[in-house]
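Coordinates as given in start.txt (compact mmCIF, C-alpha atoms):
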```txt
# COMPACT_ATOMS: atom_id res chain seq x y z
CA MET K 1 -1.81 52.12 -23.84
CA TRP K 2 1.14 50.90 -25.79
CA PHE K 3 3.47 53.61 -26.86
CA SER K 4 5.70 52.77 -29.74
CA PHE K 5 8.77 54.76 -30.40
CA GLY K 6 9.29 56.12 -33.81
CA ARG K 7 12.66 56.90 -35.27
CA ASP K 8 12.55 60.47 -33.97
CA HIS K 9 12.36 59.39 -30.34
CA CYS K 10 15.55 57.44 -30.52
CA LEU K 11 18.89 58.88 -29.77
CA THR K 12 20.96 59.65 -32.81
CA PHE K 13 24.54 60.73 -32.76
CA SER K 14 24.15 63.60 -35.17
CA ARG K 15 21.72 65.41 -32.93
CA ASN K 16 23.68 64.93 -29.75
CA SER K 17 27.22 65.11 -30.94
CA THR K 18 28.21 67.52 -28.21
CA PHE K 19 27.91 65.09 -25.31
CA GLY K 20 30.75 65.69 -23.01
CA LYS K 21 29.23 67.10 -19.91
CA PRO K 22 26.81 65.46 -17.60
CA LEU K 23 23.43 65.94 -19.17
CA GLN K 24 22.23 67.46 -15.94
CA LYS K 25 23.88 70.71 -16.93
CA ARG K 26 21.58 71.07 -19.85
CA GLU K 27 18.05 71.66 -18.82
CA SER K 28 16.33 70.57 -21.99
CA MET K 29 17.97 67.17 -22.12
CA ARG K 30 17.83 66.44 -18.46
CA SER K 31 15.00 64.02 -18.25
CA THR K 32 14.37 63.22 -21.85
CA LEU K 33 17.16 60.70 -22.29
CA THR K 34 16.80 57.41 -20.56
CA ALA K 35 18.26 53.92 -20.70
CA CYS K 36 16.05 50.88 -20.18
CA GLU K 37 17.19 49.35 -16.91
CA PHE K 38 16.54 45.84 -18.22
CA CYS K 39 18.32 45.92 -21.57
CA ASP K 40 20.27 49.21 -21.77
CA SER K 41 18.40 50.58 -24.80
CA VAL K 42 18.59 54.34 -25.04
CA TYR K 43 15.51 56.45 -25.70
CA ARG K 44 14.50 60.03 -25.82
CA LEU K 45 11.34 60.09 -23.77
CA PRO K 46 8.27 61.98 -24.89
CA THR K 47 6.07 63.67 -22.30
CA LEU K 48 3.36 61.25 -21.36
CA ALA K 49 -0.18 61.99 -20.27
CA ALA K 50 -1.69 60.19 -17.29
CA LYS K 51 -2.15 56.44 -17.82
CA GLN K 52 0.11 56.48 -20.88
CA MET K 53 3.06 54.15 -20.78
CA ALA K 54 6.23 53.98 -22.80
CA HIS K 55 7.54 50.49 -23.41
CA CYS K 56 11.00 49.48 -24.46
CA THR K 57 10.85 48.15 -28.00
CA ARG K 58 13.77 45.80 -27.38
CA CYS K 59 12.69 44.00 -24.19
CA GLY K 60 9.12 45.15 -23.57
CA ALA K 61 9.75 46.65 -20.11
CA VAL K 62 7.92 49.77 -19.01
CA LEU K 63 10.31 52.68 -19.48
CA HIS K 64 8.18 55.45 -18.21
CA ARG K 65 4.65 56.03 -17.03
CA GLY K 66 2.61 59.15 -17.29
CA THR K 67 1.14 60.17 -13.97
CA ALA K 68 -1.78 62.30 -12.94
CA LEU K 69 -0.11 62.88 -9.58
CA ASP K 70 1.57 66.18 -8.94
CA LEU K 71 3.50 66.93 -5.77
CA GLU K 72 0.41 68.23 -3.99
CA ALA K 73 -1.55 65.06 -4.70
CA LEU K 74 1.43 63.01 -3.62
CA LEU K 75 1.65 64.96 -0.37
CA ALA K 76 -2.07 64.43 0.28
CA LEU K 77 -1.73 60.69 -0.31
CA THR K 78 1.33 60.47 1.91
CA LEU K 79 -0.49 62.29 4.73
CA ALA K 80 -3.43 59.91 4.29
CA ALA K 81 -0.97 57.01 4.50
CA LEU K 82 0.41 58.44 7.75
CA ALA K 83 -3.11 58.65 9.22
CA ALA K 84 -3.84 55.07 8.10
CA PHE K 85 -0.53 53.93 9.57
CA ILE K 86 -1.36 55.41 12.98
CA VAL K 87 -4.86 53.87 13.06
CA ALA K 88 -3.52 50.55 11.77
CA ASN K 89 -1.02 50.30 14.57
CA ALA K 90 -3.21 51.66 17.35
CA TYR K 91 -6.03 49.15 16.89
CA PRO K 92 -5.97 45.34 16.94
CA VAL K 93 -5.66 43.59 13.60
CA VAL K 94 -7.34 40.34 14.66
CA ILE K 95 -9.64 39.64 17.60
CA VAL K 96 -10.27 36.11 18.85
CA ASP K 97 -12.66 34.67 21.40
CA LEU K 98 -12.19 31.23 22.94
CA ASN K 99 -15.02 30.22 25.25
CA GLY K 100 -15.44 33.74 26.50
CA ILE K 101 -11.74 34.51 26.86
CA GLU K 102 -10.95 37.33 24.49
CA ASN K 103 -7.64 38.10 22.96
CA GLU K 104 -6.54 40.56 20.34
CA SER K 105 -3.36 41.39 18.54
CA ARG K 106 -1.97 44.54 17.10
CA LEU K 107 0.96 44.35 14.71
CA TRP K 108 3.23 45.37 17.56
CA ASP K 109 1.95 42.52 19.77
CA ALA K 110 2.75 40.02 17.04
CA ILE K 111 6.29 41.35 16.77
CA HIS K 112 6.69 41.57 20.54
CA TYR K 113 5.55 37.99 21.20
CA THR K 114 7.64 36.62 18.38
CA TRP K 115 10.60 38.34 20.02
CA THR K 116 9.82 37.03 23.51
CA VAL K 117 9.40 33.39 22.47
CA GLY K 118 12.94 33.58 21.24
CA ILE K 119 12.71 33.88 17.48
CA ALA K 120 14.34 37.29 17.37
CA PRO K 121 15.46 37.23 13.70
CA VAL K 122 11.87 36.66 12.54
CA ALA K 123 10.63 39.44 14.83
CA VAL K 124 13.23 41.84 13.44
CA LEU K 125 12.39 40.89 9.85
CA ALA K 126 8.65 41.31 10.42
CA ALA K 127 9.19 44.61 12.25
CA ALA K 128 11.39 45.98 9.48
CA CYS K 129 9.16 44.96 6.57
CA SER K 130 5.75 45.83 7.95
CA LEU K 131 6.41 48.55 10.53
CA LEU K 132 9.75 50.30 10.28
CA PHE K 133 10.22 50.62 6.51
CA PRO K 134 6.65 51.72 5.74
CA LEU K 135 6.82 54.34 8.50
CA ALA K 136 10.25 55.53 7.36
CA GLN K 137 8.99 55.72 3.77
CA ILE K 138 6.05 57.89 4.79
CA LEU K 139 8.10 60.23 7.01
CA LEU K 140 10.94 60.62 4.52
CA MET K 141 8.49 61.32 1.69
CA LEU K 142 6.91 64.06 3.83
CA TRP K 143 10.36 65.43 4.62
CA LEU K 144 11.06 65.68 0.88
CA LEU K 145 7.68 66.85 -0.34
CA VAL K 146 7.09 69.82 1.94
CA PRO K 147 10.25 71.76 0.91
CA LEU K 148 9.89 70.66 -2.73
CA LEU K 149 6.42 72.17 -2.86
CA ARG K 150 7.92 75.45 -1.71
CA GLY K 151 10.56 75.21 -4.40
CA ARG K 152 13.38 74.50 -1.98
CA ARG K 153 15.86 71.68 -1.95
CA PRO K 154 15.12 69.39 1.04
CA ARG K 155 17.89 68.99 3.56
CA GLY K 156 19.75 65.73 3.12
CA PHE K 157 18.03 65.26 -0.25
CA ILE K 158 20.58 62.92 -1.82
CA GLY K 159 20.91 60.61 1.17
CA ILE K 160 17.15 60.38 1.68
CA MET K 161 16.54 59.58 -1.97
CA HIS K 162 19.02 56.71 -1.77
CA VAL K 163 17.42 55.38 1.42
CA LEU K 164 13.95 55.54 -0.16
CA ARG K 165 15.12 53.69 -3.26
CA VAL K 166 16.83 50.90 -1.30
CA MET K 167 13.91 50.52 1.13
CA ARG K 168 11.18 50.23 -1.48
CA PRO K 169 11.35 46.49 -2.24
CA TRP K 170 11.49 45.66 1.48
CA SER K 171 8.36 47.51 2.49
CA MET K 172 5.57 44.94 2.37
CA VAL K 173 2.41 46.06 4.14
CA GLU K 174 0.27 44.29 1.55
CA VAL K 175 1.83 40.94 2.44
CA PHE K 176 1.06 41.55 6.10
CA VAL K 177 -2.59 42.29 5.22
CA LEU K 178 -2.88 38.96 3.42
CA GLY K 179 -1.12 37.29 6.36
CA ALA K 180 -3.71 38.72 8.76
CA ILE K 181 -6.54 37.42 6.57
CA VAL K 182 -4.96 33.96 6.48
CA SER K 183 -4.56 34.06 10.28
CA VAL K 184 -8.25 34.85 10.75
CA ALA K 185 -9.18 31.96 8.48
CA LYS K 186 -6.80 29.54 10.19
CA LEU K 187 -8.40 30.11 13.58
CA THR K 188 -12.09 30.19 12.61
CA ASP K 189 -12.45 26.44 13.16
CA VAL K 190 -11.09 26.52 16.68
CA MET K 191 -12.42 29.80 18.00
CA GLN K 192 -14.44 32.86 17.11
CA THR K 193 -12.36 35.29 15.12
CA ALA K 194 -12.99 38.72 13.72
CA PRO K 195 -10.89 41.19 11.80
CA GLY K 196 -10.18 44.29 13.87
CA THR K 197 -10.17 47.98 12.97
CA GLY K 198 -6.42 47.69 12.46
CA LEU K 199 -6.87 45.27 9.58
CA TRP K 200 -9.09 47.68 7.63
CA ALA K 201 -6.62 50.48 8.27
CA PHE K 202 -3.77 48.24 7.10
CA ALA K 203 -5.71 47.43 3.94
CA ALA K 204 -6.14 51.17 3.29
CA LEU K 205 -2.47 51.75 4.08
CA SER K 206 -1.33 49.11 1.61
CA VAL K 207 -3.42 50.71 -1.16
CA LEU K 208 -2.10 54.20 -0.33
CA LEU K 209 1.50 53.04 -0.13
CA THR K 210 1.16 51.22 -3.45
CA VAL K 211 0.03 54.46 -5.09
CA VAL K 212 2.76 56.53 -3.40
CA ASN K 213 5.39 53.92 -4.27
CA GLY K 214 4.14 53.85 -7.83
CA TYR K 215 5.44 57.40 -8.19
CA ASP K 216 8.73 57.24 -10.03
CA LEU K 217 11.38 58.61 -7.67
CA ARG K 218 13.40 59.73 -10.67
CA ARG K 219 10.88 62.50 -11.16
CA LEU K 220 11.88 63.93 -7.79
CA TRP K 221 15.52 63.97 -8.87
CA ASP K 222 14.48 66.08 -11.83
CA LEU K 223 12.27 68.37 -9.74
CA ALA K 224 14.68 69.20 -6.93
CA PRO K 225 16.42 72.56 -7.30
CA GLN K 226 20.20 72.45 -7.43
CA GLU K 227 22.28 72.74 -4.30
CA SER K 228 24.11 75.87 -5.40
CA ALA K 229 20.87 77.82 -5.31
CA ALA K 230 20.56 77.27 -1.58
CA MET G 1 13.96 49.71 -35.69
CA THR G 2 15.99 48.68 -32.70
CA PRO G 3 17.22 51.48 -30.46
CA PRO G 4 20.95 51.82 -29.73
CA ARG G 5 22.30 50.65 -26.39
CA ALA G 6 23.92 52.90 -23.84
CA MET G 7 27.10 50.86 -23.70
CA ALA G 8 27.59 51.06 -27.44
CA LEU G 9 27.06 54.83 -27.35
CA GLY G 10 29.55 55.31 -24.52
CA LEU G 11 26.83 56.39 -22.11
CA LEU G 12 26.32 55.41 -18.52
CA SER G 13 22.96 55.58 -16.85
CA CYS G 14 22.96 56.00 -13.09
CA HIS G 15 21.26 53.03 -11.44
CA ALA G 16 20.14 55.22 -8.56
CA CYS G 17 18.74 58.36 -10.15
CA GLY G 18 18.62 57.60 -13.87
CA LEU G 19 20.92 60.42 -14.95
CA MET G 20 22.68 59.75 -18.24
CA CYS G 21 26.34 60.63 -18.51
CA ARG G 22 29.12 60.12 -20.97
CA ASP G 23 31.43 57.27 -20.00
CA PRO G 24 34.92 58.83 -19.91
CA GLU G 25 36.52 55.41 -20.28
CA HIS G 26 34.46 54.38 -23.25
CA GLY G 27 36.48 52.69 -25.94
CA GLN G 28 39.43 51.99 -23.67
CA ALA G 29 40.41 48.45 -22.88
CA ARG G 30 38.04 47.31 -20.18
CA ASP G 31 39.72 46.00 -17.08
CA GLU G 32 37.28 45.60 -14.23
CA THR G 33 39.98 45.67 -11.56
CA GLN G 34 41.81 48.75 -12.81
CA ALA G 35 38.95 50.90 -13.95
CA THR G 36 38.47 54.00 -11.85
CA LEU G 37 35.05 54.17 -10.32
CA GLN G 38 32.90 56.98 -11.69
CA HIS G 39 30.40 58.69 -9.48
CA CYS G 40 27.13 60.16 -10.56
CA PRO G 41 27.41 63.97 -10.60
CA ARG G 42 23.83 64.29 -9.40
CA CYS G 43 23.45 61.66 -6.69
CA GLY G 44 26.97 60.44 -5.97
CA ALA G 45 26.20 56.76 -6.58
CA ALA G 46 28.91 54.65 -8.20
CA MET G 47 28.30 54.53 -11.92
CA GLU G 48 28.92 51.32 -13.72
CA SER G 49 27.70 50.15 -17.05
CA ARG G 50 26.80 46.80 -15.45
CA LYS G 51 26.26 45.81 -11.83
CA ARG G 52 29.65 44.88 -10.42
CA GLY G 53 30.20 41.17 -9.80
CA SER G 54 26.59 40.56 -10.75
CA LEU G 55 26.83 36.85 -11.55
CA THR G 56 29.08 36.02 -8.62
CA ARG G 57 26.77 37.71 -6.16
CA THR G 58 23.65 36.25 -7.76
CA TRP G 59 25.11 32.74 -7.43
CA ALA G 60 26.34 33.28 -3.89
CA TYR G 61 22.92 34.38 -2.62
CA LEU G 62 21.21 31.71 -4.69
CA ILE G 63 23.33 28.83 -3.41
CA ALA G 64 22.90 30.00 0.17
CA ALA G 65 19.13 30.20 -0.40
CA ALA G 66 19.01 26.72 -1.95
CA ILE G 67 20.90 25.21 1.00
CA LEU G 68 18.69 26.93 3.57
CA TYR G 69 15.62 25.90 1.62
CA ILE G 70 16.03 22.35 2.98
CA PRO G 71 15.77 23.22 6.72
CA ALA G 72 13.16 25.86 5.86
CA ASN G 73 10.82 23.13 4.66
CA ALA G 74 11.94 20.20 6.78
CA LEU G 75 11.88 21.98 10.13
CA PRO G 76 8.57 22.90 11.75
CA ILE G 77 7.82 26.62 11.88
CA MET G 78 4.93 26.47 14.35
CA ARG G 79 4.01 24.39 17.38
CA THR G 80 0.36 24.25 18.40
CA ALA G 81 -0.41 23.11 21.92
CA LYS G 82 -4.08 22.38 22.55
CA LEU G 83 -5.65 21.15 25.72
CA THR G 84 -7.71 18.56 23.87
CA THR G 85 -5.47 17.23 21.14
CA GLY G 86 -2.01 17.69 22.56
CA THR G 87 0.97 19.21 20.79
CA GLU G 88 1.49 19.21 17.06
CA GLU G 89 4.18 20.79 14.94
CA ASP G 90 3.57 22.30 11.56
CA THR G 91 5.99 22.67 8.69
CA ILE G 92 5.19 25.03 5.83
CA LEU G 93 3.73 22.18 3.80
CA SER G 94 1.69 20.63 6.60
CA GLY G 95 0.28 24.10 7.32
CA VAL G 96 -1.00 24.24 3.76
CA GLU G 97 -2.41 20.73 4.14
CA ALA G 98 -4.22 21.73 7.35
CA LEU G 99 -5.83 24.68 5.60
CA TRP G 100 -6.85 22.42 2.72
CA THR G 101 -8.46 19.74 4.90
CA ALA G 102 -10.24 22.46 6.90
CA GLY G 103 -11.98 23.38 3.66
CA ALA G 104 -10.22 26.69 3.05
CA TRP G 105 -8.89 25.55 -0.33
CA ASP G 106 -8.57 29.12 -1.60
CA LEU G 107 -6.34 30.20 1.28
CA ALA G 108 -4.43 26.91 1.08
CA LEU G 109 -3.72 27.76 -2.54
CA ILE G 110 -2.56 31.29 -1.68
CA VAL G 111 -0.18 30.02 1.02
CA LEU G 112 1.04 27.22 -1.25
CA VAL G 113 1.86 29.68 -4.02
CA ALA G 114 3.45 32.25 -1.68
CA SER G 115 5.52 29.88 0.45
CA ILE G 116 6.42 27.04 -1.88
CA VAL G 117 5.82 27.87 -5.54
CA VAL G 118 7.34 31.38 -5.42
CA PRO G 119 10.66 30.51 -3.68
CA VAL G 120 11.20 27.40 -5.81
CA THR G 121 10.38 29.30 -9.00
CA LYS G 122 12.72 32.10 -7.99
CA ILE G 123 15.64 29.77 -7.31
CA LEU G 124 15.09 27.81 -10.54
CA VAL G 125 14.49 30.83 -12.79
CA LEU G 126 17.43 32.82 -11.42
CA SER G 127 19.76 29.82 -11.80
CA ALA G 128 18.57 29.32 -15.37
CA LEU G 129 19.05 33.03 -16.14
CA ALA G 130 22.55 33.13 -14.62
CA LEU G 131 23.51 29.95 -16.49
CA SER G 132 22.13 31.28 -19.77
CA VAL G 133 24.20 34.46 -19.39
CA GLN G 134 27.34 32.50 -18.55
CA ARG G 135 26.85 30.30 -21.61
CA HIS G 136 26.21 33.33 -23.82
CA ALA G 137 22.83 31.96 -24.78
CA ARG G 138 20.98 33.78 -27.54
CA TRP G 139 17.69 32.09 -26.83
CA GLN G 140 14.63 34.33 -26.39
CA PRO G 141 16.24 37.29 -24.62
CA ARG G 142 12.90 39.09 -24.45
CA LEU G 143 11.23 36.15 -22.70
CA ARG G 144 14.17 35.78 -20.30
CA THR G 145 14.02 39.47 -19.42
CA ARG G 146 10.29 39.14 -18.77
CA LEU G 147 10.91 36.11 -16.53
CA TYR G 148 13.40 38.18 -14.57
CA ARG G 149 10.91 41.00 -14.09
CA ILE G 150 8.25 38.57 -12.84
CA VAL G 151 10.65 36.89 -10.41
CA GLU G 152 11.81 40.25 -9.08
CA ARG G 153 8.26 41.44 -8.55
CA ILE G 154 6.73 38.43 -6.76
CA GLY G 155 9.59 37.64 -4.38
CA HIS G 156 8.40 39.44 -1.27
CA TRP G 157 5.06 37.59 -1.13
CA SER G 158 6.89 34.60 0.32
CA MET G 159 7.09 36.50 3.59
CA LEU G 160 3.40 35.66 4.07
CA ASP G 161 3.89 32.61 6.25
CA LEU G 162 6.15 34.45 8.66
CA PHE G 163 3.53 37.15 9.23
CA VAL G 164 0.91 34.43 9.80
CA ALA G 165 3.13 32.62 12.29
CA ALA G 166 3.93 35.83 14.17
CA LEU G 167 0.26 36.86 14.38
CA LEU G 168 -0.89 33.41 15.50
CA THR G 169 1.76 33.38 18.21
CA ALA G 170 0.43 36.65 19.58
CA LEU G 171 -3.23 35.66 19.22
CA VAL G 172 -3.25 32.17 20.66
CA ARG G 173 -1.72 32.41 24.08
CA PHE G 174 -4.45 31.17 26.40
CA HIS G 175 -1.83 29.56 28.52
CA SER G 176 -3.94 26.74 29.88
CA LEU G 177 -6.29 26.26 26.94
CA GLY G 178 -3.92 26.44 24.07
CA GLN G 179 -0.86 28.09 22.69
CA ILE G 180 0.90 28.58 19.38
CA GLU G 181 4.62 29.02 19.28
CA ILE G 182 6.84 30.04 16.41
CA LEU G 183 9.86 27.72 15.96
CA PRO G 184 13.41 28.22 14.66
CA GLY G 185 12.47 26.72 11.26
CA ALA G 186 10.95 30.13 10.60
CA ILE G 187 14.42 31.68 10.70
CA ALA G 188 15.60 29.44 7.87
CA PHE G 189 12.47 30.29 5.90
CA GLY G 190 12.92 34.02 6.43
CA ALA G 191 16.54 33.73 5.36
CA VAL G 192 15.50 31.99 2.13
CA VAL G 193 13.10 34.81 1.30
CA VAL G 194 15.69 37.52 2.01
CA LEU G 195 18.46 35.68 0.13
CA THR G 196 16.34 35.09 -2.99
CA MET G 197 15.36 38.76 -2.98
CA LEU G 198 19.02 39.81 -2.70
CA SER G 199 19.90 37.37 -5.47
CA ALA G 200 17.27 38.85 -7.79
CA GLN G 201 18.51 42.37 -7.00
CA SER G 202 22.10 41.36 -7.79
CA PHE G 203 21.33 39.90 -11.20
CA ASP G 204 21.80 42.34 -14.05
CA PRO G 205 19.27 41.61 -16.82
CA ARG G 206 21.25 43.77 -19.25
CA LEU G 207 23.78 40.93 -19.41
CA ILE G 208 21.14 38.90 -21.26
CA TRP G 209 21.35 41.41 -24.10
CA ASP G 210 25.13 41.76 -24.08
CA VAL G 211 25.60 38.57 -26.08
CA GLU G 212 26.32 39.52 -29.64
CA GLY G 213 23.32 38.86 -31.83
CA ALA G 214 20.93 38.35 -28.94
CA GLY G 215 17.41 39.05 -30.02
CA MET G 216 18.33 39.59 -33.65
CA ASP G 217 15.64 37.17 -34.70
CA THR G 218 12.93 38.43 -32.39
CA HIS G 219 13.11 42.16 -32.22
CA ASP G 220 10.58 43.15 -34.82
CA ASN G 221 7.93 40.50 -34.95
CA ASP G 222 6.40 40.77 -31.51
CA SER G 223 5.68 44.43 -31.05
CA PRO G 224 1.95 44.91 -31.27
```

If you convert what's in this file into structure tokens, what do you get?
Amino acid sequence: MWFSFGRDHCLTFSRNSTFGKPLQKRESMRSTLTACEFCDSVYRLPTLAAKQMAHCTRCGAVLHRGTALDLEALLALTLAALAAFIVANAYPVVIVDLNGIENESRLWDAIHYTWTVGIAPVAVLAAACSLLFPLAQILLMLWLLVPLLRGRRPRGFIGIMHVLRVMRPWSMVEVFVLGAIVSVAKLTDVMQTAPGTGLWAFAALSVLLTVVNGYDLRRLWDLAPQESAA
Amino acid sequence: MTPPRAMALGLLSCHACGLMCRDPEHGQARDETQATLQHCPRCGAAMESRKRGSLTRTWAYLIAAAILYIPANALPIMRTAKLTTGTEEDTILSGVEALWTAGAWDLALIVLVASIVVPVTKILVLSALALSVQRHARWQPRLRTRLYRIVERIGHWSMLDLFVAALLTALVRFHSLGQIEILPGAIAFGAVVVLTMLSAQSFDPRLIWDVEGAGMDTHDNDSP
């Protein structure tokens, strides 16, 4: 739904005339003030229910999304993503059959053969975007979520949060899934082709990762207990 | 009503964690080279009101991408060796054509959009956005910001053809009967995708709104 901001949601100087310290120090204001990353408009954010969205009135960007996910749900989804990742990589993605000679390829085979025929940069790029970054995302999320659920600050919290943020645009399992489908189609004329178990697992993984990645990391910044408490 | 902007209020928002802080140098003469770098008290990231050197970096990545775009399309990315028909080399475009003539028009369309339409659109739109900011354009800031968001979101789909090429290489290696090889043209193509993504990440859409009077004529009539 479209959430319009009334006058009372906007920052006014009179109410906040005591700015001077980082807002982090003051619990009540911590997460309520936000600046639109696309146009720099400042808002005081209301609490949103699941599926509600707050849009910037200046540029129309989504400022904030309500989510039904709590940390436990997020942990469950991340664990499911880990399971899907293991299955996806253990089984072939595409199976082909040419006059009785069978061949199959897992993601790793594709990367490995691309490397051995001499196009190393492409192999590295494919490995990073479809294998390394998704795996790192899943493991780092688990590393953060388990202590957070126990109310503790995860070790290396700040560094991991930065890594997760930078990695996000480069993790592209969904593109690989489409690539596998295109590959199947390209070969159907020449030989018998079939999608393998790995492809279904990759499809599941891309859905799970999309949901996990849809979780605004900024929430975790707000949820993590301060260092001094440790 | 139009909300105030962080810069005008003397606030900095951390690009990494979203924390809002007071800008201690607000109101002082702005000198990019002399300004001391502030760090976010929560996450330690450098805090700047605008991405540093945004336009320069956007242009640098963009020009590099545009130059590499030529070999990316001119050079073949795949070589197919078949026992019956001999060797043929496929560029990005001829790969789309092959899919089309094979009757898979839907997949041909997907590959065409991902490998050709998306990179070209990205290069053109980002150049237009950077130019409009440099010329202090006031035209349709809301539309330009939306264009930026679209370009930023669709960029990674161009990687599609590289995944296809890598998978085909691994699948079709019946040494005597046929073989598919990935060729160095794929490197140029991969570089274009990475460079356009870096270019989009370097551009700061807030610059669109920094022009005085930008959006003054549009801000109230298009909210539903």

Task: Interatomic distance, atom CA of Phe133 of chain K to atom CA of Trp170 of chain K (Å, one decimal) - done: 7.2 Å

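Here atom CA of Ile119 of chain K and atom CA of Val87 of chain K stand 27.0 Å from one another.
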
Task: Test item: chain G residues at most 7 Å from chain K, counting only C-alpha atoms, as number ranges by chain - done: G: 2-6, 13, 17-18, 20-22, 43, 99, 107, 142, 145, 157, 159-161, 163-164, 166-171, 182-184, 186-187, 190, 205-206, 209, 219

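Rounded to one decimal, atom CA of Lys82 of chain G and atom CA of Gly178 of chain G lie 4.3 Å from each other.
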
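Among the candidate residues G:Val193, G:Ala188, G:Ala102, G:Ala137, the one lying nearest to Val211 of chain G is G:Ala137, with distances computed using all atoms listed in the file.
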
Compile the contact shell of segment 139-151 of chain K as a PDB file with C-alpha atoms, in the coordinates of the input: residues with an atom at most 8 Å away, counting all atoms listed in the file, same-chain residues fewer than 5 positions apart removed.
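Generated output (result_17.pdb):
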```
ATOM      1  CA  LEU K  71       3.500  66.930  -5.770  1.00  0.00           C
ATOM      2  CA  GLU K  72       0.410  68.230  -3.990  1.00  0.00           C
ATOM      3  CA  LEU K  75       1.650  64.960  -0.370  1.00  0.00           C
ATOM      4  CA  THR K  78       1.330  60.470   1.910  1.00  0.00           C
ATOM      5  CA  LEU K  79      -0.490  62.290   4.730  1.00  0.00           C
ATOM      6  CA  LEU K  82       0.410  58.440   7.750  1.00  0.00           C
ATOM      7  CA  PHE K 157      18.030  65.260  -0.250  1.00  0.00           C
ATOM      8  CA  ILE K 160      17.150  60.380   1.680  1.00  0.00           C
ATOM      9  CA  LEU K 164      13.950  55.540  -0.160  1.00  0.00           C
ATOM     10  CA  LEU K 223      12.270  68.370  -9.740  1.00  0.00           C
ATOM     11  CA  ALA K 224      14.680  69.200  -6.930  1.00  0.00           C
ATOM     12  CA  PRO K 225      16.420  72.560  -7.300  1.00  0.00           C
TER      13      PRO K 225
END
```

Open item on the list: List as a PyMOL selection string the protein and nucleic acid residues near Ala68 of chain K, meaning an atom at most 12 Å away when only C-alpha atoms are counted, but skip any in the same chain fewer than 2 places from it.
Closed with: chain K and resi 48-52+65-66+70-74+211+214-215

Selection from above, C-alpha atoms, as a tab-separated table (two decimals), in the frame of the given file, can you write it?
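As a result, result-v5.tsv now contains:
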```
chain	number	residue	atom	x	y	z
K	48	LEU	CA	3.36	61.25	-21.36
K	49	ALA	CA	-0.18	61.99	-20.27
K	50	ALA	CA	-1.69	60.19	-17.29
K	51	LYS	CA	-2.15	56.44	-17.82
K	52	GLN	CA	0.11	56.48	-20.88
K	65	ARG	CA	4.65	56.03	-17.03
K	66	GLY	CA	2.61	59.15	-17.29
K	70	ASP	CA	1.57	66.18	-8.94
K	71	LEU	CA	3.50	66.93	-5.77
K	72	GLU	CA	0.41	68.23	-3.99
K	73	ALA	CA	-1.55	65.06	-4.70
K	74	LEU	CA	1.43	63.01	-3.62
K	211	VAL	CA	0.03	54.46	-5.09
K	214	GLY	CA	4.14	53.85	-7.83
K	215	TYR	CA	5.44	57.40	-8.19
```

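Nearest-residue note for Asn213 of chain K: choosing from K:Val190, K:Ile86, K:Met53, K:Val173, the minimum distance belongs to K:Val173, counting only C-alpha atoms.
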
Open item on the list: Just checking: using only C-alpha atoms, which residue out of G:Lys51, G:His26, G:His39, G:His156 ends up closest to Ala114 of chain G?
Closed with: G:His156

- [ ] Would you please work out which residue, of K:Ile138, K:Gly156, K:Gly196, K:Ala54, is nearest to Phe85 of chain K when using only C-alpha atoms?
- [x] K:Ile138

Using only the atoms of segment 180-198 of chain K listed in the file, plus 8 Å on each side, state the axis-aligned box centre and edge lengths in Å rounded to one decimal, as lines of an AutoDock Vina configuration file.
```
center_x = -9.1
center_y = 37.2
center_z = 12.2
size_x = 26.7
size_y = 37.5
size_z = 27.5
```

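Of the listed residues G:Ile116, G:Leu143, G:Leu93, G:Ser49, the one whose atoms come nearest to Val192 of chain G is G:Ile116, with distances taken using only C-alpha atoms.
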
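Candidate residues G:Gln38, G:Ser94, G:Ser158, G:Val172 were compared for distance to Gln192 of chain K, and the nearest is G:Val172, using all atoms listed in the file.
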